[in-house]
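Participant: I'd like to ask you about the structure that follows.
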Amino acid sequence: MRPAQKSDWLPHPENYCWIFVDLQDARMQSREGLLKYILESLKMEVPIPCDLDRFMDVVSDNLHSPTVILLDEISVGLQRCPELDDGFWECLRSLATNGTEGNLAFVLATPESPMEMARNTGHSSPFFNIFGYTAYLEALTEIEARQLIASSPIPFTDEDIEWILTQSRCWPLLLQILCRERLFNLEEGENDDNWREEGLRQMKSFTHLLDS
């Protein structure tokens, strides 16, 4: 973390277990693969077979500390993973609301509300109506963007910084792409502007952010 960056969001954060699940990962797209990954991350015994009933028994009997499962690219799971059906999501909801004494929570990263996303993909599980708070991530302020750029292990020139700010419009993802390309360029000892062309090429898939 950067100096003076806020870090006291949670009391006793060292007590929390965080599990990151990227549903673009093919290993996470089967029911058994995802359940085994969660249990292994919790350092719990993986039952054989690792089905929903046994998974719920293991977690409800052994989860005694606050745990947050971060689900990224959940739209992929809903659109392309038939094993992650309504029954699967209903079991996760039951664990979070009734089976773990409040020790289990979920955070979703989605381009739309969980309820709309579920409805648009033909899902009706009540799992998607337990999310009472939505944080909308927007572009950084210029001050925040400059602080992020300044965290580079090799300082950038003022000209490079201004170019990065202009091209990214302070969107975090675009900032990081351009900073990465500039840093790679500096680490290789190159002083040309090829990194800018490559950075713009890497940004192409995300330029819809510039229209937000």
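Identifiers for the structure tokens are assigned positionally: chains receive A, B, ... in sequence, residues are indexed from 1 per chain, and ligands are indexed from 1 in the order shown.
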Which parts of region 12-74 of chain A does DSSP call strand (DSSP E) when run on the backbone here, written out as a count of residues only?

Facilitator: 12

Participant: Pick from A:Ser94, A:Ser60, A:Thr100, A:Ser75: nearest to Glu112 (chain A), with only C-alpha atoms counted?

Facilitator: A:Ser75

Participant: Quick one: of A:Met56, A:Ala118, A:Leu210, A:Val21, who's nearest to Asp86 (chain A), counting only C-alpha atoms?

Facilitator: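 With only C-alpha atoms as the atom set, the closest residue is A:Ala118.
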
Participant: Choose the residue, out of A:Thr134, A:Asn103, A:Thr97, A:Gln5, that has the smallest atom-to-atom separation from Leu148 (chain A); count only C-alpha atoms.

Facilitator: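 For Leu148 (chain A), the nearest of the given residues is A:Gln5.
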
Participant: Hey, which of A:Asp61, A:Thr121, A:Lys43, A:Asp53 ends up closest to Pro82 (chain A)? Count only C-alpha atoms.

Facilitator: A:Thr121

Participant: Compare A:Ser151, A:Trp171, A:Gln176, A:Glu181 by their minimum atom-to-atom distance to Glu138 (chain A), counting only C-alpha atoms, and give me the closest one.

Facilitator: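 Ranking A:Ser151, A:Trp171, A:Gln176, A:Glu181 by distance to Glu138 (chain A), first place goes to A:Trp171.
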
Participant: Which residues, written as a CSV table (one decimal) with all heavy atoms, in the first residue's frame, have at least one atom at most 10 Å from Leu186 (chain A), with only C-alpha atoms counted and residues fewer than 4 positions away on the same chain left out?

Facilitator:
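Final file, part39.csv:
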```
chain,number,residue,atom,x,y,z
A,154,ILE,N,10.5,2.9,-10.8
A,154,ILE,CA,11.4,3.8,-11.6
A,154,ILE,C,10.5,5.1,-12.0
A,154,ILE,O,9.5,4.9,-12.6
A,154,ILE,CB,11.9,3.1,-12.9
A,154,ILE,CG1,12.6,1.8,-12.6
A,154,ILE,CG2,12.8,4.1,-13.7
A,154,ILE,CD1,13.1,1.1,-13.8
A,155,PRO,N,11.0,6.2,-11.6
A,155,PRO,CA,10.1,7.4,-11.8
A,155,PRO,C,9.9,7.7,-13.3
A,155,PRO,O,10.8,7.4,-14.1
A,155,PRO,CB,11.0,8.6,-11.2
A,155,PRO,CG,11.9,7.9,-10.2
A,155,PRO,CD,12.2,6.5,-10.8
A,156,PHE,N,8.8,8.2,-13.7
A,156,PHE,CA,8.5,8.6,-15.0
A,156,PHE,C,8.7,10.1,-15.2
A,156,PHE,O,8.7,10.9,-14.3
A,156,PHE,CB,7.0,8.3,-15.4
A,156,PHE,CG,6.6,6.9,-15.3
A,156,PHE,CD1,5.3,6.5,-15.3
A,156,PHE,CD2,7.5,5.9,-15.2
A,156,PHE,CE1,4.9,5.2,-15.3
A,156,PHE,CE2,7.2,4.5,-15.1
A,156,PHE,CZ,5.8,4.2,-15.2
A,180,ARG,N,2.4,0.1,-16.9
A,180,ARG,CA,3.2,-1.2,-17.0
A,180,ARG,C,4.1,-1.2,-18.3
A,180,ARG,O,5.2,-1.5,-18.2
A,180,ARG,CB,2.2,-2.4,-17.2
A,180,ARG,CG,2.8,-3.7,-17.4
A,180,ARG,CD,1.7,-4.7,-17.8
A,180,ARG,NE,1.1,-4.4,-19.1
A,180,ARG,CZ,-0.1,-4.8,-19.5
A,180,ARG,NH1,-0.8,-5.6,-18.8
A,180,ARG,NH2,-0.5,-4.5,-20.7
A,181,GLU,N,3.5,-0.7,-19.4
A,181,GLU,CA,4.3,-0.6,-20.6
A,181,GLU,C,5.5,0.3,-20.5
A,181,GLU,O,6.6,0.1,-20.9
A,181,GLU,CB,3.4,-0.2,-21.8
A,181,GLU,CG,2.3,-1.2,-22.1
A,181,GLU,CD,2.9,-2.6,-22.4
A,181,GLU,OE1,4.0,-2.7,-23.0
A,181,GLU,OE2,2.2,-3.6,-22.0
A,182,ARG,N,5.2,1.5,-19.8
A,182,ARG,CA,6.3,2.4,-19.6
A,182,ARG,C,7.4,1.8,-18.7
A,182,ARG,O,8.6,2.0,-19.0
A,182,ARG,CB,5.8,3.7,-19.0
A,182,ARG,CG,6.9,4.8,-18.9
A,182,ARG,CD,7.6,5.0,-20.2
A,182,ARG,NE,8.6,6.1,-20.1
A,182,ARG,CZ,9.8,6.0,-20.8
A,182,ARG,NH1,10.1,4.9,-21.4
A,182,ARG,NH2,10.6,7.0,-20.8
A,190,GLU,N,15.3,1.1,-22.7
A,190,GLU,CA,15.0,1.7,-23.9
A,190,GLU,C,14.4,3.1,-23.7
A,190,GLU,O,13.7,3.4,-22.8
A,190,GLU,CB,13.9,0.9,-24.7
A,190,GLU,CG,14.4,-0.6,-24.9
A,190,GLU,CD,13.3,-1.4,-25.5
A,190,GLU,OE1,12.2,-0.9,-25.8
A,190,GLU,OE2,13.6,-2.6,-25.7
A,191,ASN,N,14.7,4.0,-24.6
A,191,ASN,CA,14.3,5.4,-24.5
A,191,ASN,C,13.4,5.9,-25.7
A,191,ASN,O,13.2,7.1,-25.9
A,191,ASN,CB,15.5,6.4,-24.4
A,191,ASN,CG,16.3,6.2,-23.1
A,191,ASN,OD1,15.7,6.1,-22.1
A,191,ASN,ND2,17.6,6.0,-23.2
A,192,ASP,N,12.9,4.9,-26.5
A,192,ASP,CA,12.0,5.3,-27.6
A,192,ASP,C,10.6,5.4,-27.1
A,192,ASP,O,10.3,5.1,-25.9
A,192,ASP,CB,12.1,4.3,-28.7
A,192,ASP,CG,11.9,2.9,-28.2
A,192,ASP,OD1,10.9,2.6,-27.6
A,192,ASP,OD2,12.8,2.0,-28.5
A,195,TRP,N,6.7,2.1,-26.4
A,195,TRP,CA,5.8,1.7,-25.3
A,195,TRP,C,4.4,2.4,-25.4
A,195,TRP,O,3.4,1.8,-25.0
A,195,TRP,CB,6.5,2.0,-24.0
A,195,TRP,CG,6.6,3.5,-23.7
A,195,TRP,CD1,7.6,4.3,-24.0
A,195,TRP,CD2,5.6,4.3,-23.0
A,195,TRP,NE1,7.3,5.6,-23.6
A,195,TRP,CE2,6.1,5.6,-22.9
A,195,TRP,CE3,4.4,4.0,-22.4
A,195,TRP,CZ2,5.4,6.6,-22.3
A,195,TRP,CZ3,3.7,5.1,-21.8
A,195,TRP,CH2,4.2,6.4,-21.7
```

Participant: Between A:Pro13, A:Pro49, A:Gly199, A:Pro66, which has the minimum distance to Leu178 (chain A) (counting only C-alpha atoms)?

Facilitator: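 Of the candidates, the smallest distance to Leu178 (chain A) is held by A:Gly199.
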
Participant: What's the 9 Å shell around Leu104 (chain A), counting only C-alpha atoms, without same-chain residues fewer than 2 positions away, as a tab-separated table (two decimals) with N, CA and C atoms, in the first residue's frame?

Facilitator:
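The resulting file, part-v5.tsv, is reproduced below:
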```tsv
chain	number	residue	atom	x	y	z
A	63	LEU	N	-16.15	-23.69	9.84
A	63	LEU	CA	-15.85	-22.27	9.59
A	63	LEU	C	-16.19	-21.45	10.82
A	65	SER	N	-14.15	-18.46	11.63
A	65	SER	CA	-13.56	-17.12	11.53
A	65	SER	C	-14.11	-16.44	10.29
A	66	PRO	N	-14.16	-15.10	10.29
A	66	PRO	CA	-14.76	-14.38	9.17
A	66	PRO	C	-14.04	-14.66	7.85
A	67	THR	N	-14.82	-15.00	6.85
A	67	THR	CA	-14.29	-15.37	5.55
A	67	THR	C	-15.06	-14.65	4.46
A	68	VAL	N	-14.33	-14.11	3.49
A	68	VAL	CA	-14.95	-13.40	2.37
A	68	VAL	C	-14.50	-14.05	1.07
A	69	ILE	N	-15.47	-14.50	0.29
A	69	ILE	CA	-15.17	-15.09	-1.02
A	69	ILE	C	-15.43	-14.03	-2.09
A	95	LEU	N	-25.45	-21.20	3.18
A	95	LEU	CA	-24.25	-21.16	4.03
A	95	LEU	C	-24.02	-19.76	4.59
A	96	ALA	N	-24.18	-18.75	3.74
A	96	ALA	CA	-23.90	-17.38	4.16
A	96	ALA	C	-24.93	-16.86	5.16
A	97	THR	N	-26.19	-17.23	4.97
A	97	THR	CA	-27.25	-16.65	5.80
A	97	THR	C	-27.59	-17.48	7.03
A	99	GLY	N	-25.83	-21.04	7.73
A	99	GLY	CA	-24.99	-22.18	8.07
A	99	GLY	C	-23.65	-21.89	8.72
A	100	THR	N	-23.25	-20.63	8.83
A	100	THR	CA	-21.90	-20.35	9.32
A	100	THR	C	-21.87	-19.27	10.42
A	101	GLU	N	-23.01	-19.00	11.03
A	101	GLU	CA	-23.11	-18.03	12.12
A	101	GLU	C	-22.57	-16.66	11.72
A	102	GLY	N	-22.84	-16.28	10.49
A	102	GLY	CA	-22.43	-14.95	10.04
A	102	GLY	C	-20.98	-14.83	9.65
A	106	PHE	N	-19.86	-12.81	0.68
A	106	PHE	CA	-19.45	-12.82	-0.73
A	106	PHE	C	-19.37	-11.39	-1.25
```

Participant: Between CA of Asp193 (chain A) and CA of Leu165 (chain A), what is the distance, to one decimal in Å?

Facilitator: 16.0 Å

Participant: In region 66-170 of chain A, what's helix (DSSP H, G or I) per DSSP? Answer as a PyMOL selection string?

Facilitator: chain A and resi 74-80+86-99+114-120+126-129+142-150+158-168
